[in-house]
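Source file target-v4.txt; content: compact mmCIF, C-alpha atoms.
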```
# COMPACT_ATOMS: atom_id res chain seq x y z
CA SER V 25 25.05 221.70 70.16
CA ILE V 26 24.75 218.83 67.69
CA THR V 27 23.33 218.82 64.17
CA GLY V 28 19.96 217.16 63.78
CA ALA V 29 19.68 213.56 62.57
CA HIS V 30 20.43 213.06 58.86
CA ARG V 31 17.54 211.93 56.71
CA ALA V 32 19.21 209.31 54.50
CA ILE V 33 22.54 207.75 55.47
CA GLN V 34 25.81 209.08 54.05
CA LYS V 35 29.38 209.54 55.32
CA LEU V 36 29.65 210.80 58.89
CA THR V 37 26.00 210.21 59.84
CA ARG V 38 25.46 208.91 63.35
CA VAL V 39 23.37 205.76 63.24
CA ARG V 40 21.55 203.66 65.77
CA VAL V 41 22.54 199.99 66.02
CA VAL V 42 19.39 197.98 66.45
CA ASP V 43 20.41 194.37 67.13
CA ASN V 44 21.52 192.90 70.46
CA SER V 45 25.23 192.48 69.70
CA THR V 46 27.75 193.45 72.41
CA VAL V 47 29.68 195.77 70.06
CA GLY V 48 26.57 197.73 69.23
CA ASN V 49 25.15 198.05 72.73
CA THR V 50 28.12 198.73 75.02
CA PRO V 51 28.41 202.47 75.70
CA TYR V 52 31.35 204.37 74.20
CA HIS V 53 32.18 208.04 74.35
CA ARG V 54 31.62 208.40 70.57
CA PRO V 55 28.44 207.35 68.75
CA PRO V 56 28.74 204.86 65.83
CA LYS V 57 29.27 206.78 62.57
CA CYS V 58 29.10 205.80 58.92
CA ILE V 59 32.42 206.08 57.08
CA HIS V 60 31.58 204.67 53.67
CA VAL V 61 28.47 203.71 51.69
CA TYR V 62 28.76 200.79 49.23
CA ASN V 63 26.74 202.47 46.54
CA LYS V 64 27.33 204.37 43.28
CA THR V 65 25.92 207.49 44.91
CA GLY V 66 27.17 208.13 48.39
CA VAL V 67 23.63 208.05 49.78
CA GLY V 68 22.44 204.92 51.56
CA LYS V 69 18.81 203.82 51.58
CA VAL V 70 17.11 200.73 53.06
CA GLY V 71 18.96 197.57 52.04
CA ASP V 72 22.34 199.19 51.35
CA LYS V 73 25.58 198.11 53.04
CA ILE V 74 27.72 200.67 54.81
CA LEU V 75 30.98 200.74 56.81
CA LEU V 76 30.62 201.85 60.41
CA ALA V 77 33.22 203.07 62.90
CA ILE V 78 32.23 201.60 66.30
CA LYS V 79 34.45 201.58 69.40
CA GLY V 80 37.53 202.25 67.32
CA GLU V 81 36.80 199.31 64.96
CA LYS V 82 35.50 199.14 61.40
CA LYS V 83 32.38 197.01 60.92
CA LYS V 84 30.05 196.51 58.00
CA ALA V 85 26.35 197.10 58.53
CA LEU V 86 23.01 196.93 56.73
CA ILE V 87 20.58 199.85 56.70
CA VAL V 88 17.11 198.83 57.88
CA GLY V 89 15.39 202.18 58.18
CA HIS V 90 16.04 205.88 57.76
CA LYS V 91 14.35 209.18 58.49
CA MET V 92 13.96 210.10 54.83
CA PRO V 93 10.48 209.55 53.37
CA GLY V 94 10.73 206.89 50.69
CA PRO V 95 8.18 205.62 48.14
CA THR V 96 4.54 205.60 49.35
CA MET V 97 3.45 202.46 51.23
CA THR V 98 6.96 202.07 52.70
CA PRO V 99 7.56 202.87 56.38
CA ARG V 100 9.58 205.87 57.51
CA PHE V 101 11.33 205.55 60.84
CA ASP V 102 12.12 208.22 63.43
CA SER V 103 15.80 207.22 63.62
CA ASN V 104 18.41 205.85 61.22
CA ASN V 105 18.55 202.14 62.05
CA VAL V 106 21.35 199.77 61.16
CA VAL V 107 22.13 196.05 61.76
CA LEU V 108 25.77 194.96 62.21
CA ILE V 109 26.91 192.44 59.64
CA GLU V 110 30.10 190.54 58.73
CA ASP V 111 31.74 190.52 55.30
CA ASN V 112 29.89 187.40 54.17
CA GLY V 113 26.48 188.75 55.23
CA ASN V 114 26.08 186.99 58.59
CA PRO V 115 24.61 189.23 61.28
CA ILE V 116 26.65 189.61 64.46
CA GLY V 117 23.68 189.90 66.85
CA THR V 118 21.07 187.27 67.57
CA ARG V 119 17.82 189.24 67.83
CA ILE V 120 16.30 192.40 66.29
CA LYS V 121 13.47 193.87 68.33
CA THR V 122 12.72 197.02 66.30
CA PRO V 123 10.37 196.71 63.29
CA ILE V 124 11.92 196.07 59.86
CA PRO V 125 10.34 197.07 56.52
CA CYS V 126 8.84 194.25 54.45
CA THR V 127 10.63 195.51 51.33
CA LEU V 128 13.83 193.80 52.53
CA ARG V 129 12.10 190.46 51.99
CA ARG V 130 12.41 190.99 48.25
CA ARG V 131 16.16 190.29 48.55
CA GLU V 132 15.79 187.04 50.47
CA GLY V 133 18.94 185.61 48.93
CA GLU V 134 21.32 188.18 50.39
CA PHE V 135 19.57 189.01 53.65
CA SER V 136 17.95 185.71 54.61
CA LYS V 137 19.95 185.43 57.85
CA VAL V 138 19.16 189.00 58.92
CA LEU V 139 15.45 188.48 58.20
CA ALA V 140 15.56 185.24 60.18
CA ILE V 141 16.56 187.02 63.39
CA ALA V 142 14.07 189.87 62.93
CA ARG V 143 10.96 189.76 65.10
CA ASN V 144 8.59 192.49 63.85
CA PHE V 145 7.89 193.39 60.25
CA VAL V 146 6.12 196.61 59.28
CA CYS C 5 -58.24 206.65 80.80
CA ARG C 6 -61.17 208.43 82.39
CA VAL C 7 -62.42 206.79 85.55
CA SER C 8 -65.34 208.67 87.04
CA SER C 9 -64.92 209.19 90.76
CA ASP C 10 -67.92 210.15 92.86
CA GLY C 11 -69.97 210.80 89.71
CA LYS C 12 -68.18 214.14 89.09
CA PRO C 13 -66.62 214.77 85.65
CA PRO C 14 -62.89 213.87 85.67
CA LYS C 15 -60.26 216.61 85.71
CA PHE C 16 -59.27 217.68 82.25
CA GLN C 17 -55.85 216.39 81.40
CA PRO C 18 -54.42 217.90 78.26
CA PRO C 19 -52.93 215.38 75.80
CA PRO C 20 -49.09 215.03 75.88
CA LYS C 21 -47.33 217.34 73.47
CA PRO C 22 -45.89 215.48 70.45
CA VAL C 23 -42.08 215.47 70.35
CA ILE C 24 -40.93 215.98 66.75
CA ILE C 25 -37.48 214.51 66.08
CA ASP C 26 -36.49 215.77 62.65
CA ARG C 27 -33.77 213.27 61.78
CA LYS C 28 -33.76 213.96 58.06
CA THR C 29 -32.66 217.60 58.25
CA GLN C 30 -30.02 216.82 60.86
CA LYS C 31 -28.55 214.08 58.70
CA GLU C 32 -28.43 216.28 55.61
CA GLU C 33 -26.40 218.96 57.40
CA ARG C 34 -23.69 216.49 58.37
CA ARG C 35 -22.87 214.98 55.01
CA PHE C 36 -19.20 214.37 54.66
CA LEU C 37 -17.30 215.09 51.45
CA SER C 38 -13.79 213.65 51.31
CA PRO C 39 -11.31 216.53 50.82
CA GLU C 40 -9.63 214.89 47.80
CA PHE C 41 -12.77 215.40 45.69
CA ILE C 42 -12.50 219.19 45.85
CA PRO C 43 -10.37 220.31 42.88
CA PRO C 44 -7.52 222.74 43.64
CA ARG C 45 -7.66 226.29 42.39
CA GLY C 46 -6.07 226.60 38.98
CA ARG C 47 -6.54 226.98 35.29
CA THR C 48 -6.76 223.31 34.31
CA ASP C 49 -9.78 222.04 32.41
CA PRO C 50 -12.49 220.81 34.80
CA LEU C 51 -12.88 217.84 32.43
CA LYS C 52 -9.70 216.36 33.89
CA TYR C 53 -11.15 216.47 37.42
CA TYR C 54 -14.46 215.07 36.17
CA ILE C 55 -12.73 212.03 34.65
CA GLU C 56 -10.68 211.55 37.80
CA ARG C 57 -13.80 211.70 39.95
CA LYS C 58 -15.42 209.03 37.79
CA ASP C 59 -12.46 206.75 38.44
CA MET C 60 -12.55 207.52 42.16
CA ILE C 61 -16.26 206.68 42.33
CA GLN C 62 -15.63 203.40 40.48
CA ARG C 63 -13.04 202.45 43.06
CA ARG C 64 -15.31 203.45 45.92
CA LYS C 65 -18.07 201.23 44.61
CA VAL C 66 -15.79 198.23 44.78
CA PHE C 67 -13.95 199.07 47.96
CA ASN C 68 -15.41 200.92 50.93
CA ILE C 69 -13.35 203.93 52.04
CA PRO C 70 -14.83 205.04 55.39
CA GLU C 71 -15.24 208.61 56.49
CA PHE C 72 -12.25 209.66 58.59
CA TYR C 73 -10.49 212.83 59.69
CA VAL C 74 -7.04 213.69 60.99
CA GLY C 75 -6.72 212.27 64.50
CA HIS C 76 -8.60 209.01 63.91
CA VAL C 77 -6.93 205.72 64.70
CA LEU C 78 -7.04 203.48 61.62
CA ALA C 79 -6.01 199.91 60.83
CA VAL C 80 -4.94 199.33 57.21
CA THR C 81 -4.35 195.87 55.70
CA THR C 82 -2.29 195.92 52.48
CA ALA C 83 -1.45 193.12 50.09
CA ASP C 84 2.27 192.41 50.23
CA PRO C 85 3.82 189.70 48.06
CA TYR C 86 6.86 189.60 50.34
CA ALA C 87 5.05 189.22 53.67
CA SER C 88 3.88 185.93 55.14
CA ASP C 89 0.14 185.38 54.53
CA LYS C 90 0.55 187.86 51.68
CA SER C 91 -0.97 190.67 53.80
CA ASN C 92 0.32 193.27 56.21
CA ARG C 93 -1.66 195.11 58.91
CA PHE C 94 -0.67 198.51 60.34
CA VAL C 95 -2.45 200.45 63.07
CA GLY C 96 -1.80 204.15 63.59
CA ILE C 97 -3.15 207.64 64.09
CA CYS C 98 -3.79 209.69 60.97
CA ILE C 99 -1.44 212.70 61.06
CA GLN C 100 -2.26 214.34 57.78
CA ARG C 101 -4.32 213.92 54.63
CA GLY C 102 -2.82 215.29 51.45
CA GLY C 103 -3.11 215.16 47.71
CA LYS C 104 -6.13 215.61 45.47
CA GLY C 105 -7.86 213.22 43.13
CA LEU C 106 -6.57 209.67 42.74
CA GLY C 107 -3.22 210.45 44.36
CA ALA C 108 -4.80 211.29 47.71
CA THR C 109 -2.65 210.07 50.60
CA PHE C 110 -2.86 209.84 54.35
CA VAL C 111 -0.02 209.32 56.82
CA LEU C 112 -0.42 206.94 59.77
CA ARG C 113 1.92 207.10 62.75
CA ASN C 114 2.55 204.62 65.55
CA VAL C 115 5.33 203.86 68.01
CA ILE C 116 6.29 200.15 67.97
CA GLU C 117 8.94 198.85 70.38
CA ASP C 118 10.15 202.40 71.16
CA GLN C 119 10.61 203.15 67.46
CA GLY C 120 8.36 205.69 65.77
CA VAL C 121 7.08 204.49 62.38
CA GLU C 122 5.10 206.51 59.82
CA ILE C 123 3.60 205.11 56.64
CA CYS C 124 2.12 207.23 53.84
CA TYR C 125 -0.72 205.26 52.21
CA GLU C 126 -2.50 206.11 48.97
CA LEU C 127 -6.29 205.98 49.43
CA TYR C 128 -7.02 204.64 45.96
CA SER C 129 -4.15 202.21 45.66
CA PRO C 130 -5.24 198.70 44.59
CA ARG C 131 -2.77 197.23 47.11
CA ILE C 132 -4.94 198.28 50.03
CA ARG C 133 -7.27 195.49 51.11
CA ALA C 134 -9.17 197.06 54.00
CA ILE C 135 -9.34 200.28 55.99
CA GLU C 136 -11.00 200.10 59.41
CA VAL C 137 -11.63 203.01 61.71
CA LEU C 138 -10.81 201.91 65.25
CA LYS C 139 -11.26 205.16 67.14
CA LEU C 140 -13.25 208.16 65.97
CA GLU C 141 -11.77 211.31 67.37
CA LYS C 142 -11.05 214.70 65.88
CA ARG C 143 -8.24 216.88 67.21
CA LEU C 144 -7.84 220.63 67.50
CA ASP C 145 -5.57 220.82 64.42
CA GLU C 146 -5.70 219.50 60.88
CA ASN C 147 -2.03 218.56 60.78
CA LEU C 148 -0.57 216.52 63.60
CA MET C 149 3.04 216.53 62.36
CA TYR C 150 4.08 217.89 65.77
CA LEU C 151 3.54 214.42 67.22
CA ARG C 152 7.04 213.62 65.94
CA ASP C 153 8.46 216.04 68.50
CA ALA C 154 6.01 215.15 71.23
CA LEU C 155 6.59 212.55 73.93
CA PRO C 156 6.14 209.04 72.47
CA GLU C 157 3.20 208.22 74.76
CA TYR C 158 0.95 210.41 72.59
CA SER C 159 1.65 208.36 69.46
CA THR C 160 1.56 204.83 70.87
CA PHE C 161 -1.47 202.76 69.98
CA ASP C 162 -1.91 199.07 70.68
CA VAL C 163 -1.60 197.01 67.51
CA ASN C 164 -4.35 194.67 68.64
CA MET C 165 -6.74 197.30 69.90
CA LYS C 166 -10.41 196.63 69.28
CA ARG C 167 -12.88 198.95 67.65
CA VAL C 168 -14.19 201.54 70.10
CA PRO C 169 -17.99 201.37 69.75
CA ARG C 170 -19.76 204.57 68.77
CA LYS C 171 -22.75 205.67 70.80
CA ASP C 172 -24.40 208.23 68.52
CA ASP C 173 -24.24 208.26 64.78
CA GLU C 174 -24.26 212.04 64.89
CA GLU C 175 -21.25 213.96 66.14
CA ILE C 176 -17.57 213.10 66.08
CA PRO C 177 -16.01 214.02 69.44
CA VAL C 178 -13.15 216.53 69.48
CA ASN C 179 -10.26 215.53 71.71
CA LYS C 180 -8.92 218.72 73.29
CA VAL C 181 -5.69 217.11 74.46
CA GLN C 182 -2.76 219.48 74.99
CA VAL C 183 0.27 217.48 73.99
CA ARG C 184 3.55 217.78 75.92
CA MET C 185 6.68 218.08 73.83
CA LYS C 186 10.24 216.80 74.09
CA PRO C 187 12.85 219.46 74.82
CA LYS C 188 13.83 221.68 71.88
CA PRO C 189 15.20 221.50 69.13
CA TRP C 190 12.11 220.39 67.22
CA SER C 191 11.85 219.53 63.53
CA LYS C 192 9.83 222.71 62.94
CA ARG C 193 9.33 225.75 65.15
CA TRP C 194 5.80 224.84 66.16
CA GLU C 195 5.38 227.89 68.40
CA ARG C 196 5.31 230.22 65.38
CA PRO C 197 1.89 231.57 64.33
CA LYS C 198 2.38 230.25 60.76
CA TYR C 199 1.47 226.73 61.92
CA ASN C 200 -1.38 227.95 64.12
CA ILE C 201 -1.25 224.94 66.42
CA LYS C 202 -3.69 224.77 69.28
CA GLY C 203 -2.99 221.28 70.52
CA ILE C 204 0.42 221.77 72.18
CA LYS C 205 1.06 222.73 75.78
CA PHE C 206 3.93 225.15 75.26
CA GLU C 207 6.16 225.15 78.31
CA LEU C 208 8.44 227.83 76.85
CA PRO C 209 9.23 231.04 78.72
CA GLU C 210 7.09 234.11 78.01
CA HIS C 211 9.76 236.06 76.14
CA LYS C 212 10.20 233.21 73.66
CA MET C 213 6.47 233.03 72.95
CA LYS C 214 6.42 236.80 72.40
CA ALA C 215 9.47 236.60 70.11
CA ALA C 216 7.72 233.93 68.05
CA GLN C 217 4.81 236.34 67.42
CA LYS C 218 7.22 238.53 65.43
CA TRP C 219 6.64 236.18 62.48
CA SER C 220 2.87 236.57 62.56
CA GLN C 221 1.22 237.79 59.36
CA PRO C 222 -2.16 239.15 60.51
CA TRP C 223 -2.96 240.57 57.05
CA LEU C 224 -3.14 237.06 55.54
CA GLU C 225 -6.68 236.33 56.74
CA PHE C 226 -7.99 239.48 55.05
CA ASP C 227 -6.24 238.80 51.73
CA MET C 228 -9.06 238.49 49.19
CA LEU C 229 -6.95 236.92 46.45
CA ARG C 230 -6.27 233.92 48.68
CA GLU C 231 -9.94 233.17 49.27
CA TYR C 232 -11.19 229.96 47.72
CA ASP C 233 -14.91 229.55 48.20
CA THR C 234 -15.70 225.89 47.72
CA SER C 235 -19.38 225.83 48.77
CA LYS C 236 -20.83 225.82 45.23
CA ILE C 237 -18.23 223.39 43.92
CA GLU C 238 -18.92 221.12 46.88
CA GLU C 239 -22.67 221.09 46.22
CA LYS C 240 -22.13 220.14 42.59
CA ILE C 241 -19.75 217.35 43.54
CA ARG C 242 -22.12 216.08 46.23
CA LYS C 243 -24.95 215.85 43.69
CA GLU C 244 -22.68 213.98 41.28
CA LEU C 245 -21.56 211.58 43.98
CA SER C 246 -25.05 210.80 45.22
CA GLU C 247 -26.26 210.18 41.67
CA GLU C 248 -23.36 207.91 40.77
CA LEU C 249 -23.39 205.90 43.97
CA GLU C 250 -27.10 205.14 43.65
CA LYS C 251 -26.59 203.53 40.24
```

Step by step, read the file and then write its structure as structure tokens.
Amino acid sequence: SITGAHRAIQKLTRVRVVDNSTVGNTPYHRPPKCIHVYNKTGVGKVGDKILLAIKGEKKKALIVGHKMPGPTMTPRFDSNNVVLIEDNGNPIGTRIKTPIPCTLRRREGEFSKVLAIARNFV
Amino acid sequence: CRVSSDGKPPKFQPPPKPVIIDRKTQKEERRFLSPEFIPPRGRTDPLKYYIERKDMIQRRKVFNIPEFYVGHVLAVTTADPYASDKSNRFVGICIQRGGKGLGATFVLRNVIEDQGVEICYELYSPRIRAIEVLKLEKRLDENLMYLRDALPEYSTFDVNMKRVPRKDDEEIPVNKVQVRMKPKPWSKRWERPKYNIKGIKFELPEHKMKAAQKWSQPWLEFDMLREYDTSKIEEKIRKELSEELEK
């Protein structure tokens, strides 16, 4: 038996990679897990960067949605979603099908490339 | 018209009975009072709720909040400074309505691109530009949180769906759908009598359903201290509302 999905993202949470990169979508016998959250508190919310362990490699990623209810008027997703990213902020995939919250648009400077490949905004 | 045939007097035909359609009384019975107007039970000064109601009525005069229940499909357009065209439209089924007074909220759920999304909107927030009711439909329960553990087909609604036209302006139809669930574990144990859910088709074995009844509290419905009779309060508030909205 497995524990239920975590609500916000912290160390050792299993996440769902949402873009169409090969690293994120090829099946592996272990699900991608968060190893570190780049935050003062160890809890990651939408727009925070985290370190993932995928297929035996370490990759940085950006949180685009979690199960925890946030402030009113913001969307709450049914799974913890994450987009793979490089150290300089460039996304590894080329398309994001799942909806992304509009609140990420506030930080256009940092996430402009991720927002450019996103299709749906909620 | 009396046409005399053969000079004999025509057969007496009684006049048709008048059909009285009393629309006024029927309409009065079905007046809807939004649940956030009813103040919760407590020891706070009713003046606080009176002032809040005044503010709510002011907002309602400017912006039309339609009558809706849990189970309706709504489309909400909000003003978003960070979205293109400055506005954002979301379509979803109303799962629950909570909060009292100006902080009243409702949660809309939809499944977009295989991802379930829920947004909790505040009814009286100035960021909301329009609320449209697309489909009028009540369900068997007042809280549809179990849709999170149900198969996604029950929560998917087309983003571009058109308004379903209403035939009568009288009754809101009740959808007696029995929803099928994903395999356990669920986020809450919906089979327990505490949630009193009638809209799920439980495919659990008999012994599990019986074991769930162990947590039933049949004395709760007879507990007199829990009773909160809102009929008189509702009448007062309805009078207030009708007076204020006519001004």

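Between atom CA of Leu229 of chain C and atom CA of Gly103 of chain C there is a distance of 22.1 Å.
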
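The nearest approach to Gly117 of chain V among the residues V:Lys73, V:His53, V:His90, V:Lys137, with all atoms listed in the file taken into account, belongs to V:Lys137.
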
Exercise answer, chain C residues close to chain V, 12 Å and all atoms listed in the file, as JSON, numbers by chain = {"C": [80, 81, 82, 83, 84, 85, 86, 87, 88, 90, 91, 92, 93, 94, 95, 96, 107, 108, 109, 110, 111, 112, 113, 114, 115, 116, 117, 118, 119, 120, 121, 122, 123, 124, 125, 126, 127, 128, 129, 130, 131, 132, 151, 152, 153, 156, 163, 188, 189, 190, 191, 192]}

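Using only C-alpha atoms, the residues found no farther than 12 Å from Ile69 of chain C, other than those of its own chain fewer than 3 positions away, are Leu37, Ser38, Met60, Ile61, Gln62, Arg63, Arg64, Lys65, Val66, Phe72, Leu78, Val80, Glu126, Leu127, Tyr128, Ser129, Ile132, Arg133, Ala134, Ile135, Glu136 and Val137 of chain C.
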
Restricting to all atoms listed in the file, whichever of V:Leu36, V:Val42, V:Leu86, V:Cys58 is closest to Phe135 of chain V is V:Leu86

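The residue set within 10 Å of Arg170 of chain C, counting all atoms listed in the file and dropping same-chain residues fewer than 4 places from it, reads Leu138, Lys139, Leu140, Glu174, Glu175 and Ile176 of chain C.
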
Print the selection's residues with C-alpha atoms to a file, as an mmCIF file, in the frame of the given file.
```cif
data_model
loop_
_atom_site.group_PDB
_atom_site.id
_atom_site.type_symbol
_atom_site.label_atom_id
_atom_site.label_comp_id
_atom_site.auth_asym_id
_atom_site.auth_seq_id
_atom_site.Cartn_x
_atom_site.Cartn_y
_atom_site.Cartn_z
ATOM 1 C CA LEU C 138 -10.810 201.910 65.250
ATOM 2 C CA LYS C 139 -11.260 205.160 67.140
ATOM 3 C CA LEU C 140 -13.250 208.160 65.970
ATOM 4 C CA GLU C 174 -24.260 212.040 64.890
ATOM 5 C CA GLU C 175 -21.250 213.960 66.140
ATOM 6 C CA ILE C 176 -17.570 213.100 66.080
#
```

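Nearest residue to Arg54 of chain V among V:Val67, V:Ile78, V:Ile33, V:Ile116 is V:Ile78, counting all atoms listed in the file.
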
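Atom CA of Arg35 of chain C lies 8.9 Å from atom CA of Arg242 of chain C.
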
Do you know which residues are at most 9 Å from segment 201-217 of chain C counting all atoms listed in the file, after dropping those on the same chain fewer than 6 positions away, and could you put them as JSON, numbers by chain?
-> {"C": [143, 144, 145, 146, 147, 148, 150, 154, 180, 181, 182, 183, 184, 185, 193, 194, 195]}

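In this model, the gap between atom CA of Asn200 of chain C and atom CA of Ser220 of chain C comes to 9.7 Å.
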
Looking at all atoms listed in the file, which of V:Ile59, V:Val39, V:Ile26, V:Ala140 is the one that sits closest to Leu76 of chain V?
-> V:Ile59

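Excluding Ala85 of chain V itself and any same-chain residue fewer than 4 positions from it, the protein and nucleic acid residues within 8 Å of it, counting all atoms listed in the file, are Lys73, Ile74, Leu75, Leu76, Val106, Val107, Leu108, Ile109 and Glu110 of chain V.
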
Neighbourhood query: residues within 7 Å of (34.2, 202.8, 74.2), file coordinates, counting only C-alpha atoms; return as a count of residues only.
-> 4

Take the point (18.4, 191.6, 72.8) as written in the file and pick out every residue within 12 Å of it, counting only C-alpha atoms; give the list as a PDB file with C-alpha atoms, in the coordinates of the input.
```pdb
ATOM      1  CA  VAL V  41      22.540 199.990  66.020  1.00  0.00           C
ATOM      2  CA  VAL V  42      19.390 197.980  66.450  1.00  0.00           C
ATOM      3  CA  ASP V  43      20.410 194.370  67.130  1.00  0.00           C
ATOM      4  CA  ASN V  44      21.520 192.900  70.460  1.00  0.00           C
ATOM      5  CA  SER V  45      25.230 192.480  69.700  1.00  0.00           C
ATOM      6  CA  THR V  46      27.750 193.450  72.410  1.00  0.00           C
ATOM      7  CA  GLY V  48      26.570 197.730  69.230  1.00  0.00           C
ATOM      8  CA  ASN V  49      25.150 198.050  72.730  1.00  0.00           C
ATOM      9  CA  ILE V 116      26.650 189.610  64.460  1.00  0.00           C
ATOM     10  CA  GLY V 117      23.680 189.900  66.850  1.00  0.00           C
ATOM     11  CA  THR V 118      21.070 187.270  67.570  1.00  0.00           C
ATOM     12  CA  ARG V 119      17.820 189.240  67.830  1.00  0.00           C
ATOM     13  CA  ILE V 120      16.300 192.400  66.290  1.00  0.00           C
ATOM     14  CA  LYS V 121      13.470 193.870  68.330  1.00  0.00           C
ATOM     15  CA  THR V 122      12.720 197.020  66.300  1.00  0.00           C
ATOM     16  CA  ILE V 141      16.560 187.020  63.390  1.00  0.00           C
ATOM     17  CA  ALA V 142      14.070 189.870  62.930  1.00  0.00           C
ATOM     18  CA  ARG V 143      10.960 189.760  65.100  1.00  0.00           C
TER      19      ARG V 143
END
```
